[in-house]
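Scroll down for the structure; my scribbles are underneath it.
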Amino acid sequence: MFSQPRQILVVEDHADSAVILYEILTRQGHRVWSAASCAEARSMFARWPEIDLLMIDLGLPDGHGCDLLRELRAVRSVPAIAVTGHAKRSDIERCQQAGFIAHLSKPLMLDQLMETLARIKEPPASSSPPTTPGGGDNGGGGRDGGQLMAG
């Protein structure tokens with residue numbers, strides 16, 4: 001676990017997957033915003049400059065996660081993890097070219113997620129927590145181990 005919690009924007013259009021990620025990450029002490037589309041992610045990223053990590057699904061209803069990452073990185077540089085069902089070699093290469101630091105395939109395993117988060121550098125010490133949570137409380141449904149999501 002990090003000495004400081006991350007401020008994570010999860011961009012995931014599959015509601016159950018978004019809830020599971022929200023639950024797992026908040027239980028680890030991270031602050032989480034949830035966006036279900038590229039448009040919503042752009043808005044939240046602009047509104048909350050303290051976001052210091054992105055977790056983005058590739059297949060979104062209004063665009064592709066790689067294109068979204070390029071757009072967000074034009075605003076400011078933040079590490080990003082692809083969390084997706086797209087796991088062909090060409091998908092992984094496209095993610096690397098877009099600037100993702102990791103590619104996690106669904107169904108996501110808890111140990112794989114935790115190991116990936118542990119490899120990411122600590123957030124800047126100057127990060128301050130947001131005054132209000134973005135995306136609201138997504139509700140329960142998280143699991144403590146095993147397979148996290150399939151969608």
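Just remember, in the structure tokens the first chain shown is A, the second B, etc., residues are 1-based per chain, and ligands are 1-based in the order shown.
Residue neighbourhood of Ser37 (chain A), excluding near-sequence residues (fewer than 4 positions): Val11, Glu12, Asp13, Ala41, Arg42, Leu60, Pro61, Asp62 and Gly63 of chain A, at 9 Å, using only C-alpha atoms.
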List every residue of region 32-138 of chain A that DSSP, applied to the backbone of this structure, assigns to strand (DSSP E or B), and report them as JSON, numbers by chain.
-> {"A": [32, 33, 34, 35, 53, 54, 55, 56, 59, 60, 63, 64, 80, 81, 82, 83, 84, 102, 103, 104, 105, 108, 109]}
Save out the residues we just selected, C-alpha atoms, as an mmCIF file, in the first residue's frame.
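Printed below is again_16.cif as written:
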data_model
loop_
_atom_site.group_PDB
_atom_site.id
_atom_site.type_symbol
_atom_site.label_atom_id
_atom_site.label_comp_id
_atom_site.auth_asym_id
_atom_site.auth_seq_id
_atom_site.Cartn_x
_atom_site.Cartn_y
_atom_site.Cartn_z
ATOM 1 C CA VAL A 32 -11.807 7.302 -6.782
ATOM 2 C CA TRP A 33 -13.846 9.102 -9.421
ATOM 3 C CA SER A 34 -15.876 7.089 -11.934
ATOM 4 C CA ALA A 35 -16.646 8.115 -15.502
ATOM 5 C CA LEU A 53 -3.698 8.065 -11.901
ATOM 6 C CA LEU A 54 -5.996 6.970 -14.723
ATOM 7 C CA MET A 55 -7.524 3.517 -15.193
ATOM 8 C CA ILE A 56 -9.181 3.413 -18.609
ATOM 9 C CA GLY A 59 -14.001 0.206 -25.549
ATOM 10 C CA LEU A 60 -16.029 3.220 -24.468
ATOM 11 C CA GLY A 63 -14.505 6.742 -28.210
ATOM 12 C CA HIS A 64 -11.439 4.589 -27.683
ATOM 13 C CA ALA A 80 -2.448 5.439 -16.920
ATOM 14 C CA ILE A 81 -3.381 1.762 -16.767
ATOM 15 C CA ALA A 82 -5.488 0.113 -19.471
ATOM 16 C CA VAL A 83 -8.124 -2.162 -17.886
ATOM 17 C CA THR A 84 -9.899 -3.945 -20.708
ATOM 18 C CA ALA A 102 0.379 -1.144 -17.920
ATOM 19 C CA HIS A 103 -2.273 -3.265 -19.618
ATOM 20 C CA LEU A 104 -4.556 -5.380 -17.399
ATOM 21 C CA SER A 105 -6.875 -7.825 -19.132
ATOM 22 C CA LEU A 108 -8.999 -8.773 -13.756
ATOM 23 C CA MET A 109 -7.358 -10.554 -10.846
#
Please provide as JSON, numbers by chain all residues within 8 Å of Tyr22 (chain A), with the sequence filter that same-chain residues fewer than 3 positions apart are discarded (counting only C-alpha atoms).
-> {"A": [10, 18, 19, 25, 26, 32, 33, 34, 138, 142]}
Let's have the selection written as a tab-separated table (two decimals), in the first residue's frame, with N, CA and C atoms.
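For reference, selection-v1.tsv as written:
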chain	number	residue	atom	x	y	z
A	10	VAL	N	-11.32	6.34	-12.74
A	10	VAL	CA	-11.63	5.09	-13.42
A	10	VAL	C	-12.61	5.41	-14.53
A	18	ALA	N	-17.19	-1.00	-12.96
A	18	ALA	CA	-16.86	0.28	-12.33
A	18	ALA	C	-17.08	0.22	-10.82
A	19	VAL	N	-18.18	-0.40	-10.41
A	19	VAL	CA	-18.48	-0.52	-8.98
A	19	VAL	C	-17.42	-1.37	-8.28
A	25	LEU	N	-10.55	-0.20	-4.85
A	25	LEU	CA	-9.60	0.90	-4.72
A	25	LEU	C	-9.86	1.75	-3.48
A	26	THR	N	-11.13	2.03	-3.17
A	26	THR	CA	-11.41	2.82	-1.97
A	26	THR	C	-11.07	2.04	-0.71
A	32	VAL	N	-11.44	7.77	-5.45
A	32	VAL	CA	-11.81	7.30	-6.78
A	32	VAL	C	-12.95	8.11	-7.37
A	33	TRP	N	-12.78	8.51	-8.62
A	33	TRP	CA	-13.85	9.10	-9.42
A	33	TRP	C	-14.19	8.08	-10.49
A	34	SER	N	-15.45	8.02	-10.89
A	34	SER	CA	-15.88	7.09	-11.93
A	34	SER	C	-16.52	7.85	-13.07
A	138	ASN	N	-20.61	4.72	-5.67
A	138	ASN	CA	-21.15	3.77	-6.64
A	138	ASN	C	-21.81	2.57	-6.00
A	142	GLY	N	-18.11	-5.03	-4.22
A	142	GLY	CA	-16.73	-5.42	-4.42
A	142	GLY	C	-16.43	-6.74	-3.75
Long-range neighbours of Pro5 (chain A) as a VMD selection string, 7 Å cut-off, only C-alpha atoms, 5 positions minimum in chain = chain A and resid 29 to 31
Region 70-77 of chain A: which residues within 9 Å, counting only C-alpha atoms, same-chain residues fewer than 5 positions away excluded, as a PyMOL selection string?
-> chain A and resi 41-42+45-46+49+52+65+98-99
